[in-house]
file start18.csv (CSV, C-alpha atoms)
chain,number,residue,atom,x,y,z
A,14,MET,CA,3.4,-29.2,-38.0
A,15,ILE,CA,6.7,-30.3,-36.4
A,16,HIS,CA,8.8,-27.6,-34.7
A,17,LEU,CA,12.4,-28.7,-34.5
A,18,PRO,CA,14.8,-27.0,-32.0
A,19,LEU,CA,15.8,-23.5,-33.2
A,20,VAL,CA,19.3,-23.4,-34.7
A,21,ARG,CA,19.3,-20.3,-36.8
A,22,GLN,CA,17.6,-16.9,-37.4
A,23,GLY,CA,14.0,-16.9,-38.6
A,24,PRO,CA,13.1,-16.5,-42.3
A,25,LEU,CA,11.3,-13.2,-41.7
A,26,ARG,CA,14.6,-11.7,-40.4
A,27,ALA,CA,16.5,-13.0,-43.4
A,28,LEU,CA,13.9,-11.5,-45.7
A,29,ALA,CA,14.0,-8.2,-44.0
A,30,VAL,CA,17.8,-8.0,-44.3
A,31,ARG,CA,17.5,-8.6,-48.1
A,32,MET,CA,14.8,-6.0,-48.5
A,33,VAL,CA,16.9,-3.4,-46.7
A,34,ALA,CA,19.9,-4.3,-49.0
A,35,ALA,CA,17.7,-3.9,-52.1
A,36,VAL,CA,16.4,-0.5,-51.0
A,37,VAL,CA,19.9,0.7,-50.2
A,38,LEU,CA,21.1,-0.4,-53.6
A,39,VAL,CA,18.2,1.5,-55.3
A,40,LEU,CA,19.0,4.6,-53.3
A,41,LEU,CA,22.7,4.5,-54.2
A,42,ALA,CA,21.9,4.1,-57.9
A,43,ALA,CA,19.3,6.9,-57.9
A,44,PHE,CA,21.7,9.4,-56.2
A,45,ALA,CA,24.5,8.3,-58.5
A,46,ILE,CA,22.3,9.1,-61.5
A,47,TYR,CA,21.1,12.3,-60.0
A,48,ALA,CA,24.7,13.5,-59.5
A,49,ASP,CA,25.3,13.1,-63.2
A,50,ARG,CA,21.7,13.9,-64.5
A,51,ASP,CA,23.0,16.2,-67.2
A,52,GLY,CA,24.5,13.2,-68.9
A,53,TYR,CA,21.1,11.6,-69.4
A,54,ARG,CA,18.3,12.3,-71.9
A,55,ASP,CA,14.7,11.5,-71.6
A,56,VAL,CA,12.0,11.5,-74.2
A,57,ASN,CA,10.7,14.9,-73.1
A,58,GLU,CA,14.2,16.4,-73.3
A,59,ASP,CA,13.4,18.6,-70.2
A,60,GLY,CA,16.1,17.1,-68.0
A,61,LEU,CA,15.9,14.6,-65.1
A,62,THR,CA,14.3,15.3,-61.8
A,63,LEU,CA,15.0,13.3,-58.6
A,64,LEU,CA,11.9,11.2,-59.3
A,65,ASP,CA,13.1,10.5,-62.8
A,66,CYS,CA,16.4,9.3,-61.4
A,67,PHE,CA,14.6,6.9,-59.0
A,68,TYR,CA,12.5,5.7,-61.9
A,69,TYR,CA,15.5,5.0,-64.1
A,70,ALA,CA,17.3,3.3,-61.2
A,71,VAL,CA,14.4,0.9,-60.5
A,72,VAL,CA,13.7,0.0,-64.2
A,73,SER,CA,17.4,-0.5,-64.8
A,74,LEU,CA,18.1,-2.6,-61.7
A,75,SER,CA,15.1,-4.7,-62.4
A,76,THR,CA,16.3,-5.2,-66.0
A,77,THR,CA,13.0,-3.8,-67.4
A,78,GLY,CA,14.7,-1.0,-69.4
A,79,TYR,CA,12.0,0.9,-71.2
A,80,GLY,CA,14.5,3.1,-73.0
A,81,ASP,CA,12.7,6.4,-72.3
A,82,ILE,CA,15.7,7.6,-70.3
A,83,THR,CA,19.2,6.9,-71.7
A,84,PRO,CA,22.8,7.9,-70.9
A,85,VAL,CA,24.2,10.0,-73.8
A,86,THR,CA,27.5,11.4,-72.5
A,87,PRO,CA,30.6,9.3,-72.0
A,88,ASP,CA,30.6,10.0,-68.2
A,89,ALA,CA,27.1,8.8,-67.8
A,90,ARG,CA,27.8,5.7,-69.9
A,91,LEU,CA,30.9,5.0,-67.8
A,92,VAL,CA,28.8,5.2,-64.6
A,93,ASN,CA,26.4,2.7,-66.1
A,94,ILE,CA,29.3,0.4,-67.0
A,95,LEU,CA,31.1,0.6,-63.7
A,96,PHE,CA,28.2,1.0,-61.2
A,97,ILE,CA,24.7,0.5,-62.7
A,98,THR,CA,25.5,-2.8,-64.4
A,99,PRO,CA,27.2,-4.4,-61.3
A,100,ALA,CA,24.4,-3.0,-59.2
A,101,ARG,CA,21.8,-4.7,-61.5
A,102,VAL,CA,23.5,-8.0,-61.1
A,103,LEU,CA,23.7,-7.6,-57.3
A,104,PHE,CA,20.1,-6.6,-57.2
A,105,LEU,CA,19.1,-9.8,-59.1
A,106,ILE,CA,21.2,-11.9,-56.7
A,107,ILE,CA,19.4,-10.4,-53.8
A,108,LEU,CA,16.0,-11.2,-55.3
A,109,VAL,CA,16.9,-14.6,-56.4
A,110,GLY,CA,18.8,-15.3,-53.2
A,111,THR,CA,15.6,-14.6,-51.2
A,112,THR,CA,13.7,-17.2,-53.2
A,113,LEU,CA,16.5,-19.7,-52.9
A,114,GLU,CA,16.8,-19.0,-49.2
A,115,VAL,CA,13.1,-19.9,-48.7
A,116,LEU,CA,13.4,-23.1,-50.8
A,117,THR,CA,16.6,-24.0,-49.0
A,118,ASP,CA,15.0,-23.6,-45.6
A,119,GLN,CA,12.2,-25.8,-46.6
A,120,TYR,CA,14.5,-28.5,-48.0
A,121,ARG,CA,16.8,-28.3,-45.0
A,122,ASN,CA,13.9,-28.5,-42.6
A,123,SER,CA,12.6,-31.5,-44.5
A,124,LEU,CA,15.9,-33.2,-44.2
A,125,ARG,CA,16.1,-32.5,-40.5
A,126,VAL,CA,12.6,-33.9,-40.0
A,127,SER,CA,13.5,-37.1,-42.0
A,128,ARG,CA,16.8,-37.5,-40.0
A,129,TRP,CA,14.9,-37.0,-36.7
A,130,ARG,CA,12.3,-39.6,-37.6
A,131,ARG,CA,14.9,-42.2,-38.5
A,132,LYS,CA,16.6,-41.7,-35.1
A,133,LEU,CA,13.4,-41.6,-33.1
A,134,LYS,CA,12.8,-44.7,-31.0
A,135,ASP,CA,11.9,-45.5,-27.4
A,136,HIS,CA,11.1,-41.8,-26.9
A,137,VAL,CA,8.8,-40.0,-24.4
A,138,ILE,CA,5.9,-38.0,-25.6
A,139,VAL,CA,4.8,-35.2,-23.3
A,140,CYS,CA,1.3,-33.9,-24.0
A,141,GLY,CA,1.2,-30.3,-22.7
A,142,TYR,CA,4.1,-27.9,-22.1
A,143,GLY,CA,2.6,-26.0,-19.1
A,144,THR,CA,3.9,-26.0,-15.5
A,145,LYS,CA,3.4,-29.8,-15.1
A,146,GLY,CA,4.9,-30.7,-18.5
A,147,ARG,CA,8.0,-28.5,-18.0
A,148,ALA,CA,8.5,-30.0,-14.6
A,149,ALA,CA,8.2,-33.5,-15.9
A,150,ILE,CA,10.7,-32.8,-18.7
A,151,SER,CA,13.1,-31.3,-16.1
A,152,ALA,CA,12.9,-34.4,-14.0
A,153,LEU,CA,13.7,-36.6,-17.1
A,154,LEU,CA,16.7,-34.4,-18.0
A,155,GLU,CA,18.0,-34.5,-14.4
A,156,THR,CA,18.1,-38.3,-14.5
A,157,GLY,CA,20.2,-38.2,-17.6
A,158,TYR,CA,17.5,-38.7,-20.3
A,159,ASP,CA,18.5,-37.5,-23.7
A,160,LYS,CA,16.7,-34.3,-24.8
A,161,SER,CA,16.5,-35.6,-28.4
A,162,ARG,CA,14.2,-38.5,-27.2
A,163,ILE,CA,11.6,-36.1,-25.8
A,164,VAL,CA,8.7,-35.0,-28.0
A,165,VAL,CA,6.3,-32.3,-26.9
A,166,VAL,CA,2.7,-32.1,-28.2
A,167,GLU,CA,1.2,-28.7,-27.7
A,168,SER,CA,-1.4,-26.5,-29.4
A,169,ARG,CA,-0.5,-23.1,-27.9
A,170,GLU,CA,1.9,-21.1,-30.0
A,171,VAL,CA,3.7,-19.5,-27.1
A,172,ALA,CA,4.4,-22.9,-25.5
A,173,LEU,CA,5.6,-24.3,-28.9
A,174,ARG,CA,8.1,-21.5,-29.3
A,175,GLN,CA,9.3,-21.9,-25.8
A,176,ALA,CA,9.8,-25.7,-26.2
A,177,ALA,CA,11.7,-25.2,-29.5
A,178,ALA,CA,13.9,-22.5,-27.9
A,179,ASN,CA,14.7,-25.0,-25.1
A,180,GLY,CA,16.0,-27.4,-27.6
A,181,LEU,CA,13.0,-29.8,-27.7
A,182,VAL,CA,11.1,-31.1,-30.7
A,183,ALA,CA,7.5,-29.8,-30.5
A,184,ILE,CA,4.5,-30.9,-32.6
A,185,GLU,CA,1.7,-28.5,-33.0
A,186,GLY,CA,-1.7,-29.9,-32.6
A,187,ASN,CA,-4.3,-31.3,-30.2
A,188,ALA,CA,-3.0,-34.4,-28.5
A,189,THR,CA,-6.6,-35.9,-28.5
A,190,ARG,CA,-6.3,-36.3,-32.2
A,191,SER,CA,-4.9,-39.5,-33.6
A,192,ALA,CA,-3.1,-37.8,-36.5
A,193,VAL,CA,-1.1,-35.6,-34.1
A,194,LEU,CA,0.0,-38.5,-32.0
A,195,LEU,CA,0.9,-40.5,-35.1
A,196,GLN,CA,3.2,-37.6,-36.1
A,197,ALA,CA,4.9,-38.0,-32.7
A,198,ASP,CA,5.3,-41.7,-33.6
A,199,VAL,CA,3.3,-42.8,-30.6
A,200,LYS,CA,3.4,-46.5,-31.7
A,201,ASN,CA,7.1,-46.7,-31.2
A,202,CYS,CA,7.5,-44.5,-28.1
A,203,LYS,CA,8.5,-45.7,-24.6
A,204,SER,CA,5.8,-43.8,-22.7
A,205,VAL,CA,3.3,-41.0,-22.8
A,206,ILE,CA,3.1,-38.3,-20.2
A,207,ILE,CA,-0.2,-36.5,-20.1
A,208,ALA,CA,0.2,-33.1,-18.4
A,209,THR,CA,-2.7,-31.1,-19.7
A,210,ASP,CA,-4.7,-28.5,-17.7
A,211,SER,CA,-8.0,-30.3,-18.3
A,212,ASP,CA,-9.0,-33.7,-16.8
A,213,GLU,CA,-11.4,-34.2,-19.7
A,214,ALA,CA,-8.6,-33.8,-22.2
A,215,SER,CA,-6.4,-36.1,-20.2
A,216,VAL,CA,-9.0,-38.9,-20.4
A,217,LEU,CA,-9.5,-38.4,-24.2
A,218,ILE,CA,-5.7,-38.5,-24.8
A,219,SER,CA,-5.4,-41.7,-22.7
A,220,LEU,CA,-8.2,-43.3,-24.7
A,221,THR,CA,-6.6,-42.3,-28.0
A,222,VAL,CA,-3.1,-43.5,-27.0
A,223,ARG,CA,-4.5,-46.8,-25.9
A,224,GLN,CA,-6.4,-47.3,-29.1
A,225,LEU,CA,-3.4,-46.5,-31.3
A,226,THR,CA,-0.9,-48.6,-29.3
A,227,ALA,CA,-3.2,-51.5,-28.2
A,228,GLY,CA,-2.2,-50.7,-24.6
A,229,GLN,CA,1.5,-51.5,-25.2
A,230,VAL,CA,2.7,-48.0,-24.3
A,231,ARG,CA,2.9,-46.9,-20.7
A,232,ILE,CA,0.7,-43.9,-19.9
A,233,ILE,CA,1.4,-41.6,-17.0
A,234,ALA,CA,-1.2,-38.9,-16.4
A,235,ALA,CA,-1.9,-36.0,-14.0
A,236,VAL,CA,-5.4,-35.0,-13.0
A,237,ARG,CA,-6.7,-32.2,-10.9
A,238,GLU,CA,-9.5,-33.9,-9.1
A,239,GLN,CA,-9.4,-37.3,-7.2
A,240,GLU,CA,-12.8,-38.3,-8.6
A,241,ASN,CA,-11.3,-38.4,-12.1
A,242,ALA,CA,-8.4,-40.6,-11.2
A,243,ALA,CA,-10.4,-43.9,-11.5
A,244,LEU,CA,-11.9,-42.8,-14.8
A,245,LEU,CA,-8.4,-42.1,-16.2
A,246,LYS,CA,-7.2,-45.5,-15.1
A,247,GLN,CA,-10.2,-47.1,-16.8
A,248,SER,CA,-9.3,-45.2,-20.0
A,249,GLY,CA,-5.9,-46.8,-20.1
A,250,ALA,CA,-3.5,-44.8,-17.9
A,251,HIS,CA,-1.0,-47.0,-15.9
A,252,HIS,CA,-0.1,-44.3,-13.4
A,253,VAL,CA,-2.3,-41.4,-12.3
A,254,ILE,CA,-1.0,-38.5,-10.1
A,255,VAL,CA,-3.7,-36.4,-8.5
A,256,SER,CA,-2.1,-32.9,-8.3
A,257,SER,CA,-4.8,-31.3,-6.0
A,258,SER,CA,-4.8,-34.0,-3.4
A,259,THR,CA,-1.0,-34.4,-3.4
A,260,ALA,CA,-0.6,-30.7,-2.9
A,261,GLY,CA,-3.2,-30.8,-0.2
A,262,ARG,CA,-1.4,-33.6,1.7
A,263,LEU,CA,1.9,-31.7,1.5
A,264,LEU,CA,0.2,-28.6,2.9
A,265,GLY,CA,-1.2,-30.6,5.7
A,266,LEU,CA,2.2,-32.2,6.5
A,267,THR,CA,3.8,-28.8,6.5
A,268,THR,CA,1.3,-27.6,9.1
A,269,THR,CA,1.4,-30.6,11.5
A,270,THR,CA,5.0,-32.0,11.0
A,271,PRO,CA,7.2,-29.4,9.3
A,272,PRO,CA,10.4,-31.5,9.5
A,273,LEU,CA,8.7,-34.3,7.5
A,274,ILE,CA,8.0,-32.0,4.5
A,275,ASP,CA,11.6,-31.0,4.6
A,276,VAL,CA,12.6,-34.6,4.1
A,277,VAL,CA,10.0,-35.0,1.2
A,278,GLU,CA,11.4,-31.9,-0.5
A,279,ASP,CA,14.9,-33.2,-0.1
A,280,LEU,CA,14.0,-36.4,-1.7
A,281,LEU,CA,12.3,-34.6,-4.6
A,282,THR,CA,15.0,-32.0,-5.2
A,283,PRO,CA,17.8,-33.3,-7.5
A,284,GLY,CA,21.4,-32.8,-6.6
A,285,GLN,CA,20.8,-31.9,-2.9
A,286,GLY,CA,21.0,-34.3,0.1
A,287,MET,CA,19.0,-37.5,-0.3
A,288,ALA,CA,17.3,-38.9,-3.4
A,289,LEU,CA,15.2,-41.9,-4.3
A,290,ALA,CA,16.7,-44.3,-6.8
A,291,MET,CA,16.0,-47.7,-8.3
A,292,ARG,CA,18.3,-50.6,-9.4
A,293,SER,CA,18.1,-54.2,-10.1
A,294,ALA,CA,18.9,-56.8,-7.4
A,295,GLU,CA,22.4,-58.2,-7.7
A,296,ARG,CA,23.0,-62.0,-7.8
A,297,ASP,CA,24.6,-62.1,-4.3
A,298,GLU,CA,21.7,-60.2,-2.8
A,299,VAL,CA,19.0,-62.7,-3.8
A,300,GLY,CA,17.6,-64.5,-0.7
A,301,ARG,CA,18.9,-61.8,1.7
A,302,ASN,CA,16.8,-59.5,3.8
A,303,PRO,CA,16.9,-55.9,2.3
A,304,ARG,CA,17.7,-54.6,5.8
A,305,GLU,CA,21.0,-56.4,5.8
A,306,LEU,CA,22.3,-54.5,2.8
A,307,LYS,CA,24.5,-51.4,3.1
A,308,THR,CA,22.1,-49.6,0.8
A,309,LEU,CA,19.1,-48.2,2.7
A,310,VAL,CA,16.3,-50.0,0.8
A,311,VAL,CA,12.8,-48.7,1.5
A,312,ALA,CA,10.7,-50.9,-0.9
A,313,LEU,CA,10.9,-53.7,-3.5
A,314,ILE,CA,9.3,-53.8,-6.9
A,315,ARG,CA,8.3,-57.4,-7.7
A,316,ARG,CA,6.5,-58.2,-10.9
A,317,GLY,CA,5.3,-54.6,-11.3
A,318,LYS,CA,3.9,-54.3,-7.7
A,319,VAL,CA,5.4,-52.5,-4.7
A,320,VAL,CA,6.4,-54.6,-1.7
A,321,ALA,CA,6.6,-52.5,1.4
A,322,LEU,CA,9.3,-53.3,3.9
A,323,GLY,CA,7.8,-53.1,7.3
A,324,GLY,CA,5.9,-55.0,10.0
A,325,GLU,CA,6.8,-58.4,11.5
A,326,HIS,CA,7.0,-60.3,8.2
A,327,ALA,CA,10.6,-60.1,6.9
A,328,GLU,CA,10.8,-60.0,3.1
A,329,THR,CA,13.7,-61.5,1.2
A,330,ILE,CA,15.0,-60.4,-2.2
A,331,ASP,CA,13.9,-62.6,-5.1
A,332,THR,CA,15.5,-62.8,-8.6
A,333,GLY,CA,14.2,-60.0,-10.8
A,334,ASP,CA,13.3,-57.7,-7.9
A,335,MET,CA,14.0,-54.0,-8.3
A,336,LEU,CA,15.3,-52.2,-5.2
A,337,ILE,CA,14.0,-48.7,-4.3
A,338,TYR,CA,16.6,-47.1,-2.1
A,339,ILE,CA,17.8,-43.8,-0.7
A,340,ARG,CA,21.2,-42.6,-1.9
A,341,ASP,CA,23.4,-39.6,-1.1
A,342,GLU,CA,22.7,-37.3,-4.1
A,343,THR,CA,25.6,-34.9,-3.2
A,344,ASN,CA,28.3,-37.6,-3.6
A,345,SER,CA,26.8,-40.0,-6.2
A,346,ALA,CA,26.7,-39.7,-9.9
A,347,VAL,CA,23.5,-39.8,-11.9
A,348,VAL,CA,22.4,-43.4,-12.6
A,349,HIS,CA,21.0,-44.0,-16.0

call {"tool": "encode", "arguments": {"input": "start18.csv", "output": "structure tokens"}}
result
Amino acid sequence: MIHLPLVRQGPLRALAVRMVAAVVLVLLAAFAIYADRDGYRDVNEDGLTLLDCFYYAVVSLSTTGYGDITPVTPDARLVNILFITPARVLFLIILVGTTLEVLTDQYRNSLRVSRWRRKLKDHVIVCGYGTKGRAAISALLETGYDKSRIVVVESREVALRQAAANGLVAIEGNATRSAVLLQADVKNCKSVIIATDSDEASVLISLTVRQLTAGQVRIIAAVREQENAALLKQSGAHHVIVSSSTAGRLLGLTTTTPPLIDVVEDLLTPGQGMALAMRSAERDEVGRNPRELKTLVVALIRRGKVVALGGEHAETIDTGDMLIYIRDETNSAVVH
């Protein structure tokens, strides 16, 4: 099931409003009849009780009309003409409107899903909307990524509601199943982020994505234990982040060299101080030493591999290189 971002009140609330309106209408009709009960005659000819008035209101508004209670005086018939008949029409509108509302919601949701599928291309699929999944999506949004190009795959109902409330498209199901990933259009996506709470599930998702996409889609995964990182790469993941060891290293750095962790946090926190960024090498920079540039370049990406800048060997920039540099996040705009 596909959960699109919430844009209106739920169907249960709309149904409750209509039920309350129908009950209020029955109450008004019953009390109007009770106030003029002497103008009505029933088959027993013993007068109308309050229960009889409710009975007559219900059968009249629902257009059943058994005829066992009838208005006989001019005043009672006038009340039927001016109040009971319009109330009957309004009652039917409420009942039919509820049915039409349900059908309209289904049709509108179908149109929204069709429109969403037509526009969906080069999107990012995030498997899991827990702490890691939410943090990954926040990082994407902070770099200017369009929210409409992010699809969440999650099986927990609470997480699904939260994702939809945050304006994200969420698909209900287990990401290890091919049918669920095909609903997310995995074959045409840009990348898949695996942020589940289980290393075993991460491996299965990676294998499923690789099978469906023939290895053409980039897979980024997080695992808890270092020993599972190699297995995840063998299953098709291009990048694997070990959350436990990374957190452990940060804890160690905080203990031994506290200023160093401050620098790391500054680099990872968007909108504050320094930030890591990447751009293509410009034509006039080819052949030059990265240290000669005004930009503080810390590494090069050459044919998909990282070229570190350090030691005695001086690297020069080649055509097609990507430059990893540090920029001032407080004074620079977000680079898409």

call {"tool": "residues_around", "arguments": {"input": "start18.csv", "residues": "segment 209-214 of chain A", "least_positions_apart": "2", "cutoff": "8 Å", "atoms": "only C-alpha atoms", "output": "list in words"}}
result
Cys140, Gly141, Tyr142, Gly143, Lys145, Gly146, Thr189, Ile207, Val216, Leu217, Ile218, Ala235, Val236, Arg237, Glu238 and Asn241 of chain A

call {"tool": "write_last_selection", "arguments": {"input": "start18.csv", "atoms": "C-alpha atoms", "output": "compact mmCIF listing (two decimals), in the coordinates of the input"}}
result
# COMPACT_ATOMS: atom_id res chain seq x y z
CA CYS A 140 1.30 -33.90 -24.00
CA GLY A 141 1.20 -30.30 -22.70
CA TYR A 142 4.10 -27.90 -22.10
CA GLY A 143 2.60 -26.00 -19.10
CA LYS A 145 3.40 -29.80 -15.10
CA GLY A 146 4.90 -30.70 -18.50
CA THR A 189 -6.60 -35.90 -28.50
CA ILE A 207 -0.20 -36.50 -20.10
CA VAL A 216 -9.00 -38.90 -20.40
CA LEU A 217 -9.50 -38.40 -24.20
CA ILE A 218 -5.70 -38.50 -24.80
CA ALA A 235 -1.90 -36.00 -14.00
CA VAL A 236 -5.40 -35.00 -13.00
CA ARG A 237 -6.70 -32.20 -10.90
CA GLU A 238 -9.50 -33.90 -9.10
CA ASN A 241 -11.30 -38.40 -12.10

call {"tool": "closest_residue", "arguments": {"input": "start18.csv", "among": "A:Glu295, A:Asp334, A:Glu167, A:Asp49", "to": "Arg190 of chain A", "atoms": "all atoms listed in the file"}}
result
A:Glu167

call {"tool": "residues_around", "arguments": {"input": "start18.csv", "residues": "segment 30-38 of chain A", "least_positions_apart": "4", "cutoff": "10 Å", "atoms": "only C-alpha atoms", "output": "VMD selection string"}}
result
chain A and resid 24 to 26 42 to 43 70 to 71 74 97 100 to 101 103 to 108 110 to 111

call {"tool": "write_last_selection", "arguments": {"input": "start18.csv", "atoms": "C-alpha atoms", "output": "mmCIF file, in the frame of the given file"}}
result
data_model
loop_
_atom_site.group_PDB
_atom_site.id
_atom_site.type_symbol
_atom_site.label_atom_id
_atom_site.label_comp_id
_atom_site.auth_asym_id
_atom_site.auth_seq_id
_atom_site.Cartn_x
_atom_site.Cartn_y
_atom_site.Cartn_z
ATOM 1 C CA PRO A 24 13.100 -16.500 -42.300
ATOM 2 C CA LEU A 25 11.300 -13.200 -41.700
ATOM 3 C CA ARG A 26 14.600 -11.700 -40.400
ATOM 4 C CA ALA A 42 21.900 4.100 -57.900
ATOM 5 C CA ALA A 43 19.300 6.900 -57.900
ATOM 6 C CA ALA A 70 17.300 3.300 -61.200
ATOM 7 C CA VAL A 71 14.400 0.900 -60.500
ATOM 8 C CA LEU A 74 18.100 -2.600 -61.700
ATOM 9 C CA ILE A 97 24.700 0.500 -62.700
ATOM 10 C CA ALA A 100 24.400 -3.000 -59.200
ATOM 11 C CA ARG A 101 21.800 -4.700 -61.500
ATOM 12 C CA LEU A 103 23.700 -7.600 -57.300
ATOM 13 C CA PHE A 104 20.100 -6.600 -57.200
ATOM 14 C CA LEU A 105 19.100 -9.800 -59.100
ATOM 15 C CA ILE A 106 21.200 -11.900 -56.700
ATOM 16 C CA ILE A 107 19.400 -10.400 -53.800
ATOM 17 C CA LEU A 108 16.000 -11.200 -55.300
ATOM 18 C CA GLY A 110 18.800 -15.300 -53.200
ATOM 19 C CA THR A 111 15.600 -14.600 -51.200
#

call {"tool": "closest_residue", "arguments": {"input": "start18.csv", "among": "A:Ile206, A:Arg315, A:Tyr69, A:Arg128", "to": "Ala148 of chain A", "atoms": "only C-alpha atoms"}}
result
A:Ile206

call {"tool": "residues_around", "arguments": {"input": "start18.csv", "residues": "Ala312 of chain A", "least_positions_apart": "6", "cutoff": "10 Å", "atoms": "only C-alpha atoms", "output": "mmCIF file with C-alpha atoms, keeping the file's coordinate frame"}}
result
data_model
loop_
_atom_site.group_PDB
_atom_site.id
_atom_site.type_symbol
_atom_site.label_atom_id
_atom_site.label_comp_id
_atom_site.auth_asym_id
_atom_site.auth_seq_id
_atom_site.Cartn_x
_atom_site.Cartn_y
_atom_site.Cartn_z
ATOM 1 C CA MET A 291 16.000 -47.700 -8.300
ATOM 2 C CA PRO A 303 16.900 -55.900 2.300
ATOM 3 C CA VAL A 319 5.400 -52.500 -4.700
ATOM 4 C CA VAL A 320 6.400 -54.600 -1.700
ATOM 5 C CA ALA A 321 6.600 -52.500 1.400
ATOM 6 C CA LEU A 322 9.300 -53.300 3.900
ATOM 7 C CA GLY A 323 7.800 -53.100 7.300
ATOM 8 C CA GLU A 328 10.800 -60.000 3.100
ATOM 9 C CA MET A 335 14.000 -54.000 -8.300
ATOM 10 C CA LEU A 336 15.300 -52.200 -5.200
ATOM 11 C CA ILE A 337 14.000 -48.700 -4.300
ATOM 12 C CA TYR A 338 16.600 -47.100 -2.100
#

call {"tool": "atom_distance", "arguments": {"input": "start18.csv", "atom1": "atom CA of Ile233 of chain A", "atom2": "atom CA of Ala197 of chain A"}}
result
16.5 Å

call {"tool": "residues_around", "arguments": {"input": "start18.csv", "residues": "segment 228-232 of chain A", "least_positions_apart": "6", "cutoff": "9 Å", "atoms": "all atoms listed in the file", "output": "count of residues only"}}
result
16

call {"tool": "atom_distance", "arguments": {"input": "start18.csv", "atom1": "atom CA of Leu220 of chain A", "atom2": "atom CA of Leu245 of chain A"}}
result
8.6 Å

call {"tool": "decode", "arguments": {"input": "start18.csv", "residues": "segment 329-334 of chain A", "atoms": "all heavy atoms", "output": "mmCIF file, in the first residue's frame"}}
result
data_model
loop_
_atom_site.group_PDB
_atom_site.id
_atom_site.type_symbol
_atom_site.label_atom_id
_atom_site.label_comp_id
_atom_site.auth_asym_id
_atom_site.auth_seq_id
_atom_site.Cartn_x
_atom_site.Cartn_y
_atom_site.Cartn_z
ATOM 1 N N THR A 329 48.384 16.049 -9.047
ATOM 2 C CA THR A 329 47.846 17.126 -9.877
ATOM 3 C C THR A 329 46.431 16.752 -10.310
ATOM 4 O O THR A 329 46.070 15.574 -10.372
ATOM 5 C CB THR A 329 48.719 17.360 -11.119
ATOM 6 O OG1 THR A 329 48.805 16.146 -11.868
ATOM 7 C CG2 THR A 329 50.111 17.836 -10.717
ATOM 8 N N ILE A 330 45.666 17.750 -10.629
ATOM 9 C CA ILE A 330 44.264 17.542 -10.978
ATOM 10 C C ILE A 330 44.163 17.082 -12.424
ATOM 11 O O ILE A 330 44.763 17.690 -13.326
ATOM 12 C CB ILE A 330 43.465 18.843 -10.773
ATOM 13 C CG1 ILE A 330 43.552 19.278 -9.299
ATOM 14 C CG2 ILE A 330 42.013 18.657 -11.187
ATOM 15 C CD1 ILE A 330 42.903 20.621 -9.027
ATOM 16 N N ASP A 331 43.423 15.992 -12.641
ATOM 17 C CA ASP A 331 43.183 15.471 -13.987
ATOM 18 C C ASP A 331 41.772 15.844 -14.442
ATOM 19 O O ASP A 331 40.900 16.186 -13.640
ATOM 20 C CB ASP A 331 43.325 13.944 -14.016
ATOM 21 C CG ASP A 331 44.777 13.502 -13.833
ATOM 22 O OD1 ASP A 331 45.674 14.356 -13.951
ATOM 23 O OD2 ASP A 331 44.975 12.311 -13.558
ATOM 24 N N THR A 332 41.572 15.744 -15.748
ATOM 25 C CA THR A 332 40.243 15.991 -16.304
ATOM 26 C C THR A 332 39.252 14.949 -15.772
ATOM 27 O O THR A 332 39.533 13.744 -15.786
ATOM 28 C CB THR A 332 40.278 15.924 -17.838
ATOM 29 O OG1 THR A 332 41.218 16.888 -18.325
ATOM 30 C CG2 THR A 332 38.905 16.211 -18.423
ATOM 31 N N GLY A 333 38.115 15.398 -15.309
ATOM 32 C CA GLY A 333 37.106 14.492 -14.770
ATOM 33 C C GLY A 333 37.207 14.267 -13.281
ATOM 34 O O GLY A 333 36.351 13.572 -12.707
ATOM 35 N N ASP A 334 38.219 14.821 -12.621
ATOM 36 C CA ASP A 334 38.354 14.669 -11.175
ATOM 37 C C ASP A 334 37.248 15.433 -10.451
ATOM 38 O O ASP A 334 36.769 16.472 -10.918
ATOM 39 C CB ASP A 334 39.699 15.192 -10.693
ATOM 40 C CG ASP A 334 40.831 14.210 -10.989
ATOM 41 O OD1 ASP A 334 40.528 13.088 -11.461
ATOM 42 O OD2 ASP A 334 41.994 14.562 -10.744
#
